[in-house]
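Trainee: Okay, so here is query24.csv, and as you'll see once you scroll down, it has CSV, C-alpha atoms.
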chain,number,residue,atom,x,y,z
A,1376,ARG,CA,24.6,10.7,-27.5
A,1377,GLY,CA,26.1,9.1,-24.4
A,1378,ALA,CA,23.9,6.0,-24.2
A,1379,LYS,CA,25.4,2.7,-23.4
A,1380,ILE,CA,24.3,0.0,-25.8
A,1381,VAL,CA,24.3,-3.7,-24.8
A,1382,VAL,CA,23.4,-6.4,-27.3
A,1383,ILE,CA,22.3,-9.8,-26.1
A,1384,ASP,CA,22.4,-12.3,-29.0
A,1385,PRO,CA,24.0,-15.7,-29.6
A,1386,SER,CA,25.6,-14.4,-32.8
A,1387,TYR,CA,28.0,-11.5,-33.3
A,1388,ASN,CA,25.7,-9.7,-35.8
A,1389,PRO,CA,25.9,-6.2,-37.3
A,1390,THR,CA,24.1,-4.7,-34.4
A,1391,ALA,CA,26.5,-6.3,-31.9
A,1392,GLN,CA,29.4,-4.8,-33.8
A,1393,MET,CA,28.1,-1.3,-32.9
A,1394,ALA,CA,27.5,-2.1,-29.2
A,1395,ASP,CA,29.5,-1.1,-26.2
A,1396,VAL,CA,29.0,-4.7,-24.8
A,1397,TRP,CA,28.1,-7.9,-26.6
A,1398,VAL,CA,26.7,-10.7,-24.4
A,1399,PRO,CA,26.4,-14.0,-26.3
A,1400,ILE,CA,24.1,-16.4,-24.6
A,1401,ASN,CA,22.7,-19.9,-25.3
A,1402,PRO,CA,19.7,-19.6,-27.7
A,1403,SER,CA,16.3,-19.3,-26.0
A,1404,CYS,CA,17.9,-18.7,-22.6
A,1405,ASP,CA,17.0,-15.0,-22.3
A,1406,VAL,CA,14.5,-15.7,-19.5
A,1407,ALA,CA,17.3,-17.1,-17.3
A,1408,LEU,CA,19.4,-14.0,-17.9
A,1409,CYS,CA,16.4,-11.7,-17.1
A,1410,LEU,CA,15.5,-13.5,-13.9
A,1411,GLY,CA,19.2,-13.5,-12.9
A,1412,ILE,CA,19.1,-9.7,-13.3
A,1413,ALA,CA,15.8,-9.5,-11.5
A,1414,HIS,CA,17.4,-11.5,-8.6
A,1415,GLU,CA,20.1,-8.8,-8.2
A,1416,MET,CA,17.7,-5.9,-8.5
A,1417,ILE,CA,15.4,-7.4,-5.8
A,1418,GLN,CA,18.1,-8.5,-3.5
A,1419,ARG,CA,19.9,-5.2,-3.7
A,1420,LYS,CA,16.7,-3.2,-3.7
A,1421,LEU,CA,17.5,-1.5,-7.0
A,1422,TYR,CA,13.8,-1.3,-8.0
A,1423,ASP,CA,11.6,1.8,-8.0
A,1424,GLU,CA,9.1,1.0,-5.2
A,1425,LYS,CA,6.9,4.0,-6.0
A,1426,PHE,CA,6.6,2.9,-9.6
A,1427,LEU,CA,5.7,-0.7,-8.5
A,1428,LYS,CA,3.0,0.7,-6.3
A,1429,THR,CA,1.5,3.0,-8.8
A,1430,PHE,CA,1.8,1.3,-12.2
A,1431,THR,CA,2.0,-2.4,-11.6
A,1432,ASP,CA,0.0,-5.2,-9.9
A,1433,MET,CA,2.9,-6.0,-7.5
A,1434,PRO,CA,1.0,-5.0,-4.3
A,1435,VAL,CA,-2.1,-7.0,-5.2
A,1436,LEU,CA,-2.7,-10.0,-2.9
A,1437,VAL,CA,-3.0,-13.6,-4.0
A,1438,ARG,CA,-4.7,-16.4,-2.2
A,1439,MET,CA,-2.2,-19.2,-1.7
A,1440,ASP,CA,-4.9,-21.9,-1.5
A,1441,THR,CA,-6.3,-21.1,-5.0
A,1442,LYS,CA,-3.4,-19.1,-6.4
A,1443,LYS,CA,-6.0,-16.5,-7.5
A,1444,ARG,CA,-5.9,-12.8,-6.7
A,1445,LEU,CA,-7.9,-11.9,-3.6
A,1446,ARG,CA,-11.2,-10.2,-4.5
A,1447,ALA,CA,-12.5,-7.4,-2.2
A,1448,SER,CA,-15.9,-9.1,-2.1
A,1449,GLU,CA,-14.4,-12.2,-0.5
A,1450,ILE,CA,-13.4,-10.3,2.7
A,1451,GLY,CA,-16.3,-7.8,2.7
A,1452,LEU,CA,-14.6,-4.8,1.3
A,1453,THR,CA,-16.2,-2.3,-1.1
A,1454,LEU,CA,-15.3,0.9,-2.9
A,1455,GLU,CA,-17.3,4.1,-2.4
A,1456,LYS,CA,-17.7,4.5,-6.1
A,1457,GLU,CA,-19.6,2.6,-8.8
A,1458,ILE,CA,-17.4,0.1,-10.6
A,1459,PRO,CA,-18.3,-1.4,-14.0
A,1460,PRO,CA,-19.6,-5.0,-13.6
A,1461,TYR,CA,-16.9,-6.4,-15.8
A,1462,ARG,CA,-14.1,-5.0,-13.6
A,1463,GLU,CA,-12.8,-6.9,-10.6
A,1464,VAL,CA,-11.8,-5.1,-7.3
A,1465,PHE,CA,-8.7,-6.7,-5.8
A,1466,VAL,CA,-7.1,-6.2,-2.5
A,1467,ILE,CA,-3.8,-4.7,-1.2
A,1468,TYR,CA,-2.4,-4.3,2.3
A,1469,ASP,CA,-2.5,-0.6,3.3
A,1470,ARG,CA,0.4,0.6,5.4
A,1471,ASN,CA,-1.4,3.7,6.4
A,1472,LYS,CA,-4.4,1.9,7.9
A,1473,GLN,CA,-2.4,-1.3,8.9
A,1474,GLY,CA,-5.1,-3.4,7.2
A,1475,PHE,CA,-6.5,-4.6,4.0
A,1476,ALA,CA,-8.0,-2.1,1.4
A,1477,PRO,CA,-9.6,-2.4,-2.0
A,1478,LEU,CA,-7.7,-1.2,-5.1
A,1479,ASP,CA,-9.7,0.9,-7.6
A,1480,PRO,CA,-9.5,-1.0,-10.9
A,1481,THR,CA,-10.5,2.1,-12.9
A,1482,THR,CA,-7.3,4.0,-12.0
A,1483,LEU,CA,-5.0,1.4,-10.3
A,1484,ASN,CA,-3.6,4.4,-8.5
A,1485,PRO,CA,-3.6,3.8,-4.7
A,1486,ALA,CA,-2.8,7.4,-3.9
A,1487,GLU,CA,-6.2,8.5,-5.1
A,1488,LEU,CA,-7.7,6.4,-2.3
A,1489,GLY,CA,-5.2,7.7,0.2
A,1490,THR,CA,-3.6,4.2,0.6
A,1491,ASP,CA,0.0,3.3,0.8
A,1492,PRO,CA,0.4,-0.3,-0.5
A,1493,GLU,CA,2.9,-2.7,1.0
A,1494,ILE,CA,4.5,-4.5,-2.0
A,1495,ASP,CA,6.3,-7.1,0.0
A,1496,PHE,CA,3.5,-8.6,2.1
A,1497,GLU,CA,2.5,-12.0,3.6
A,1498,GLY,CA,-0.3,-12.6,6.0
A,1499,GLU,CA,-3.7,-14.1,6.6
A,1500,VAL,CA,-7.3,-13.2,5.8
A,1501,GLU,CA,-10.5,-14.8,7.0
A,1502,ILE,CA,-12.8,-16.1,4.2
A,1503,GLU,CA,-16.0,-17.8,5.1
A,1504,GLY,CA,-14.7,-18.6,8.6
A,1505,ASN,CA,-11.4,-20.0,7.4
A,1506,LYS,CA,-7.9,-18.5,7.7
A,1507,VAL,CA,-6.3,-18.2,4.2
A,1508,GLN,CA,-2.7,-17.3,3.6
A,1509,VAL,CA,-2.1,-14.4,1.2
A,1510,LYS,CA,1.0,-12.9,-0.4
A,1511,SER,CA,1.5,-9.9,-2.6
A,1512,ILE,CA,2.5,-10.6,-6.2
A,1513,PHE,CA,5.9,-9.0,-5.5
A,1514,ARG,CA,6.5,-11.4,-2.6
A,1515,ILE,CA,5.7,-14.4,-4.7
A,1516,ILE,CA,8.1,-13.2,-7.5
A,1517,LYS,CA,10.7,-12.3,-4.9
A,1518,GLU,CA,10.7,-15.8,-3.2
A,1519,ARG,CA,10.8,-17.7,-6.5
A,1520,VAL,CA,13.5,-15.5,-8.1
A,1521,LEU,CA,15.8,-15.4,-5.1
A,1522,ALA,CA,15.5,-19.1,-4.6
A,1523,GLU,CA,16.1,-20.3,-8.1
A,1524,TYR,CA,17.9,-17.6,-10.2
A,1525,SER,CA,21.0,-16.4,-8.5
A,1526,PRO,CA,23.5,-14.8,-10.9
A,1527,GLU,CA,25.6,-18.0,-10.6
A,1528,LYS,CA,22.7,-20.3,-11.5
A,1529,ALA,CA,21.6,-18.0,-14.4
A,1530,ALA,CA,25.2,-18.0,-15.6
A,1531,GLU,CA,25.3,-21.8,-15.8
A,1532,ILE,CA,22.2,-21.7,-18.0
A,1533,ILE,CA,23.2,-19.0,-20.4
A,1534,GLN,CA,27.0,-19.7,-20.7
A,1535,VAL,CA,28.3,-20.4,-24.1
A,1536,PRO,CA,31.6,-22.2,-25.0
A,1537,GLY,CA,34.6,-19.9,-24.8
A,1538,LYS,CA,33.1,-17.7,-22.1
A,1539,SER,CA,33.6,-18.3,-18.4
A,1540,LYS,CA,30.9,-18.5,-15.8
A,1541,GLU,CA,32.6,-15.6,-14.0
A,1542,PHE,CA,32.1,-13.4,-17.1
A,1543,TYR,CA,28.3,-14.0,-17.0
A,1544,VAL,CA,28.0,-13.5,-13.2
A,1545,LYS,CA,29.8,-10.1,-13.6
A,1546,ILE,CA,27.6,-9.1,-16.5
A,1547,ILE,CA,24.4,-10.0,-14.7
A,1548,LYS,CA,25.4,-7.9,-11.7
A,1549,GLN,CA,26.6,-5.1,-13.8
A,1550,LEU,CA,23.4,-4.9,-15.9
A,1551,ALA,CA,21.2,-5.1,-12.8
A,1552,GLU,CA,23.0,-2.1,-11.3
A,1553,GLU,CA,23.0,-0.1,-14.4
A,1554,ILE,CA,19.3,-0.8,-15.2
A,1555,GLY,CA,18.4,0.1,-11.6
A,1556,THR,CA,20.4,3.3,-11.4
A,1557,ARG,CA,20.9,4.7,-14.9
A,1558,HIS,CA,17.7,6.2,-16.4
A,1559,PRO,CA,16.1,6.1,-18.8
A,1560,VAL,CA,16.4,2.5,-19.9
A,1561,LEU,CA,15.2,1.3,-23.3
A,1562,MET,CA,14.9,-2.4,-24.1
A,1563,ILE,CA,14.3,-3.4,-27.8
A,1564,TYR,CA,13.1,-6.9,-28.3
A,1565,GLY,CA,12.1,-8.8,-31.4
A,1566,ALA,CA,8.5,-10.0,-31.2
A,1567,SER,CA,8.9,-13.0,-33.5
A,1568,ASN,CA,9.4,-15.1,-30.4
A,1569,TYR,CA,5.7,-14.7,-29.7
A,1570,GLN,CA,4.9,-17.0,-32.6
A,1571,TRP,CA,6.5,-19.9,-30.8
A,1572,TYR,CA,5.2,-22.0,-27.9
A,1573,HIS,CA,6.1,-20.2,-24.6
A,1574,GLY,CA,7.8,-17.4,-26.6
A,1575,ASP,CA,5.7,-14.9,-24.7
A,1576,LEU,CA,7.5,-15.8,-21.5
A,1577,LYS,CA,10.7,-14.2,-22.8
A,1578,GLY,CA,8.8,-10.9,-23.3
A,1579,ARG,CA,7.3,-11.2,-19.8
A,1580,ALA,CA,10.7,-11.7,-18.3
A,1581,ILE,CA,12.0,-8.6,-20.1
A,1582,SER,CA,8.9,-6.6,-18.9
A,1583,LEU,CA,9.6,-7.8,-15.4
A,1584,ILE,CA,13.0,-6.1,-15.5
A,1585,SER,CA,11.4,-2.9,-16.9
A,1586,ALA,CA,8.8,-2.9,-14.2
Render the structure in this file as structure tokens.

Mentor:
Amino acid sequence: RGAKIVVIDPSYNPTAQMADVWVPINPSCDVALCLGIAHEMIQRKLYDEKFLKTFTDMPVLVRMDTKKRLRASEIGLTLEKEIPPYREVFVIYDRNKQGFAPLDPTTLNPAELGTDPEIDFEGEVEIEGNKVQVKSIFRIIKERVLAEYSPEKAAEIIQVPGKSKEFYVKIIKQLAEEIGTRHPVLMIYGASNYQWYHGDLKGRAISLISA
């Protein structure tokens, strides 16, 4: 029906035979491939900022001293509605007010509070008289991915004998552009990896691309 099918698998299996593109990679190196794709999507701004603001935790601020999400109560912010005691209220930076604002954990939709979250934020807050550096989750991911997972670096990790590094660099950049510009995108992933130590990280990396 016009969909492009890409199969990423070390072996040329029956599914790969039906694909438009088969990308063989080193076993268990899917995370490197995904982070290489994420690198390109972030660097070229191929991501959907509105989606990130509305349906992900990317704008939520993290304390860099404790590496924990910044709670509204830590900087004296409250919501004007009753929140269940088991729900935490975290903080975003609101571009409308040019200041910090609480995020409603019951909806996670900043538009309902009239806020416009900054997804790529770094700054300081005052907690108990001390200045604490905070960064948005998106900024933390962006810094790590751009520093460590260029397409060239990812290609070195996933490359198999018989395929050139240039082949993988080209594939990574191509997939990033197509995922970022051609919609909808469906990613099918076998969950058997979750039964292995750190196997969930592969699913997280794939989910990062979807997000």

Trainee: Using all atoms listed in the file, find all polymer residues with an atom at most 12 Å away from the point (-15.5, -9.8, 0.3); report them as a PDB file with C-alpha atoms, in the frame of the given file.

Mentor:
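Once written, out.pdb looks like this:
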ATOM      1  CA  LEU A1445      -7.900 -11.900  -3.600  1.00  0.00           C
ATOM      2  CA  ARG A1446     -11.200 -10.200  -4.500  1.00  0.00           C
ATOM      3  CA  ALA A1447     -12.500  -7.400  -2.200  1.00  0.00           C
ATOM      4  CA  SER A1448     -15.900  -9.100  -2.100  1.00  0.00           C
ATOM      5  CA  GLU A1449     -14.400 -12.200  -0.500  1.00  0.00           C
ATOM      6  CA  ILE A1450     -13.400 -10.300   2.700  1.00  0.00           C
ATOM      7  CA  GLY A1451     -16.300  -7.800   2.700  1.00  0.00           C
ATOM      8  CA  LEU A1452     -14.600  -4.800   1.300  1.00  0.00           C
ATOM      9  CA  THR A1453     -16.200  -2.300  -1.100  1.00  0.00           C
ATOM     10  CA  LEU A1454     -15.300   0.900  -2.900  1.00  0.00           C
ATOM     11  CA  GLU A1463     -12.800  -6.900 -10.600  1.00  0.00           C
ATOM     12  CA  VAL A1464     -11.800  -5.100  -7.300  1.00  0.00           C
ATOM     13  CA  PHE A1465      -8.700  -6.700  -5.800  1.00  0.00           C
ATOM     14  CA  VAL A1466      -7.100  -6.200  -2.500  1.00  0.00           C
ATOM     15  CA  PHE A1475      -6.500  -4.600   4.000  1.00  0.00           C
ATOM     16  CA  ALA A1476      -8.000  -2.100   1.400  1.00  0.00           C
ATOM     17  CA  PRO A1477      -9.600  -2.400  -2.000  1.00  0.00           C
ATOM     18  CA  VAL A1500      -7.300 -13.200   5.800  1.00  0.00           C
ATOM     19  CA  GLU A1501     -10.500 -14.800   7.000  1.00  0.00           C
ATOM     20  CA  ILE A1502     -12.800 -16.100   4.200  1.00  0.00           C
ATOM     21  CA  GLU A1503     -16.000 -17.800   5.100  1.00  0.00           C
TER      22      GLU A1503
END

Trainee: Can you work out the spacing between atom CA of A:Ile1380 and atom CA of A:Ala1394 in Å, to one decimal?

Mentor: 5.1 Å

Trainee: Hey, which of A:Arg1419, A:Lys1456, A:Lys1510, A:His1414 ends up closest to A:Asp1440? Count all atoms listed in the file.

Mentor: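 Going through A:Arg1419, A:Lys1456, A:Lys1510, A:His1414 one by one, the smallest distance to A:Asp1440 is for A:Lys1510.
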
Trainee: So how many Å separate atom CA of A:Ala1551 and atom CA of A:Ser1567, to one decimal?

Mentor: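 Atom-to-atom, atom CA of A:Ala1551 to atom CA of A:Ser1567, that is 25.3 Å.
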
Trainee: So, with all atoms listed in the file as the atoms that count, which of A:Thr1481, A:Thr1441, A:Thr1556, A:Gln1392 lies closest to A:Val1509?

Mentor: A:Thr1441

Trainee: Would you compute the distance between atom CA of A:Thr1490 and atom CA of A:Leu1421? Give it in Å to one decimal.

Mentor: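 That distance, rounded to one decimal, is 23.1 Å.
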
Trainee: Nearest to A:Lys1442: which of A:Pro1402, A:Ile1467, A:Gln1508, A:Thr1482 is it, counting all atoms listed in the file?

Mentor: A:Gln1508

Trainee: Taking only C-alpha atoms into account, name the residue in A:Met1439, A:Ala1522, A:Met1416, A:Leu1550 that is nearest to A:Val1507.

Mentor: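 Using only C-alpha atoms, A:Val1507 sits closest to A:Met1439.
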
Trainee: Since the input lacks some atoms of stretch 1456-1490 of chain A, please model N, CA and C atoms and print them as a tab-separated table (two decimals), in the coordinates of the input.

Mentor:
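Listing of part05.tsv after writing:
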chain	number	residue	atom	x	y	z
A	1456	LYS	N	-17.39	4.03	-4.81
A	1456	LYS	CA	-17.70	4.50	-6.10
A	1456	LYS	C	-18.25	3.33	-6.95
A	1457	GLU	N	-19.01	3.64	-7.96
A	1457	GLU	CA	-19.60	2.60	-8.80
A	1457	GLU	C	-18.53	2.05	-9.76
A	1458	ILE	N	-18.38	0.75	-9.77
A	1458	ILE	CA	-17.40	0.10	-10.60
A	1458	ILE	C	-18.13	-0.68	-11.71
A	1459	PRO	N	-17.70	-0.59	-12.97
A	1459	PRO	CA	-18.30	-1.40	-14.00
A	1459	PRO	C	-18.36	-2.86	-13.67
A	1460	PRO	N	-19.44	-3.56	-13.97
A	1460	PRO	CA	-19.60	-5.00	-13.60
A	1460	PRO	C	-18.51	-5.89	-14.12
A	1461	TYR	N	-17.87	-5.49	-15.20
A	1461	TYR	CA	-16.90	-6.40	-15.80
A	1461	TYR	C	-15.46	-6.13	-15.17
A	1462	ARG	N	-15.36	-5.22	-14.21
A	1462	ARG	CA	-14.10	-5.00	-13.60
A	1462	ARG	C	-14.05	-5.61	-12.18
A	1463	GLU	N	-12.96	-6.30	-11.87
A	1463	GLU	CA	-12.80	-6.90	-10.60
A	1463	GLU	C	-12.09	-5.94	-9.62
A	1464	VAL	N	-12.49	-5.95	-8.37
A	1464	VAL	CA	-11.80	-5.10	-7.30
A	1464	VAL	C	-10.97	-6.06	-6.50
A	1465	PHE	N	-9.66	-5.86	-6.58
A	1465	PHE	CA	-8.70	-6.70	-5.80
A	1465	PHE	C	-8.26	-5.98	-4.57
A	1466	VAL	N	-7.45	-6.67	-3.79
A	1466	VAL	CA	-7.10	-6.20	-2.50
A	1466	VAL	C	-5.59	-5.98	-2.32
A	1467	ILE	N	-5.23	-4.94	-1.57
A	1467	ILE	CA	-3.80	-4.70	-1.20
A	1467	ILE	C	-3.77	-4.57	0.32
A	1468	TYR	N	-2.57	-4.55	0.86
A	1468	TYR	CA	-2.40	-4.30	2.30
A	1468	TYR	C	-1.93	-2.83	2.39
A	1469	ASP	N	-2.71	-2.02	3.13
A	1469	ASP	CA	-2.50	-0.60	3.30
A	1469	ASP	C	-1.63	-0.31	4.50
A	1470	ARG	N	-0.44	0.25	4.29
A	1470	ARG	CA	0.40	0.60	5.40
A	1470	ARG	C	-0.10	1.71	6.25
A	1471	ASN	N	-0.87	2.60	5.64
A	1471	ASN	CA	-1.40	3.70	6.40
A	1471	ASN	C	-2.42	3.24	7.44
A	1472	LYS	N	-3.31	2.33	7.04
A	1472	LYS	CA	-4.40	1.90	7.90
A	1472	LYS	C	-3.96	0.56	8.66
A	1473	GLN	N	-2.79	0.00	8.28
A	1473	GLN	CA	-2.40	-1.30	8.90
A	1473	GLN	C	-3.46	-2.33	8.69
A	1474	GLY	N	-4.00	-2.39	7.49
A	1474	GLY	CA	-5.10	-3.40	7.20
A	1474	GLY	C	-5.30	-3.47	5.72
A	1475	PHE	N	-6.25	-4.31	5.35
A	1475	PHE	CA	-6.50	-4.60	4.00
A	1475	PHE	C	-7.42	-3.47	3.36
A	1476	ALA	N	-7.22	-3.20	2.08
A	1476	ALA	CA	-8.00	-2.10	1.40
A	1476	ALA	C	-8.21	-2.54	-0.05
A	1477	PRO	N	-9.33	-2.07	-0.64
A	1477	PRO	CA	-9.60	-2.40	-2.00
A	1477	PRO	C	-8.77	-1.46	-2.96
A	1478	LEU	N	-8.46	-1.97	-4.14
A	1478	LEU	CA	-7.70	-1.20	-5.10
A	1478	LEU	C	-8.68	-0.83	-6.26
A	1479	ASP	N	-8.77	0.45	-6.55
A	1479	ASP	CA	-9.70	0.90	-7.60
A	1479	ASP	C	-9.22	0.46	-8.97
A	1480	PRO	N	-9.97	-0.43	-9.62
A	1480	PRO	CA	-9.50	-1.00	-10.90
A	1480	PRO	C	-9.65	0.04	-12.06
A	1481	THR	N	-10.35	1.16	-11.85
A	1481	THR	CA	-10.50	2.10	-12.90
A	1481	THR	C	-9.31	3.07	-13.02
A	1482	THR	N	-8.51	3.16	-11.97
A	1482	THR	CA	-7.30	4.00	-12.00
A	1482	THR	C	-6.05	3.26	-11.68
A	1483	LEU	N	-6.17	2.22	-10.82
A	1483	LEU	CA	-5.00	1.40	-10.30
A	1483	LEU	C	-4.02	2.32	-9.59
A	1484	ASN	N	-4.44	3.53	-9.21
A	1484	ASN	CA	-3.60	4.40	-8.50
A	1484	ASN	C	-3.97	4.48	-7.02
A	1485	PRO	N	-3.22	3.82	-6.13
A	1485	PRO	CA	-3.60	3.80	-4.70
A	1485	PRO	C	-3.64	5.11	-4.04
A	1486	ALA	N	-2.83	6.05	-4.54
A	1486	ALA	CA	-2.80	7.40	-3.90
A	1486	ALA	C	-4.10	8.09	-3.96
A	1487	GLU	N	-4.91	7.80	-4.98
A	1487	GLU	CA	-6.20	8.50	-5.10
A	1487	GLU	C	-7.17	8.05	-4.01
A	1488	LEU	N	-6.92	6.90	-3.40
A	1488	LEU	CA	-7.70	6.40	-2.30
A	1488	LEU	C	-7.07	6.69	-0.94
A	1489	GLY	N	-5.91	7.36	-0.99
A	1489	GLY	CA	-5.20	7.70	0.20
A	1489	GLY	C	-4.53	6.46	0.86
A	1490	THR	N	-4.26	5.45	0.07
A	1490	THR	CA	-3.60	4.20	0.60
A	1490	THR	C	-2.14	4.20	0.23
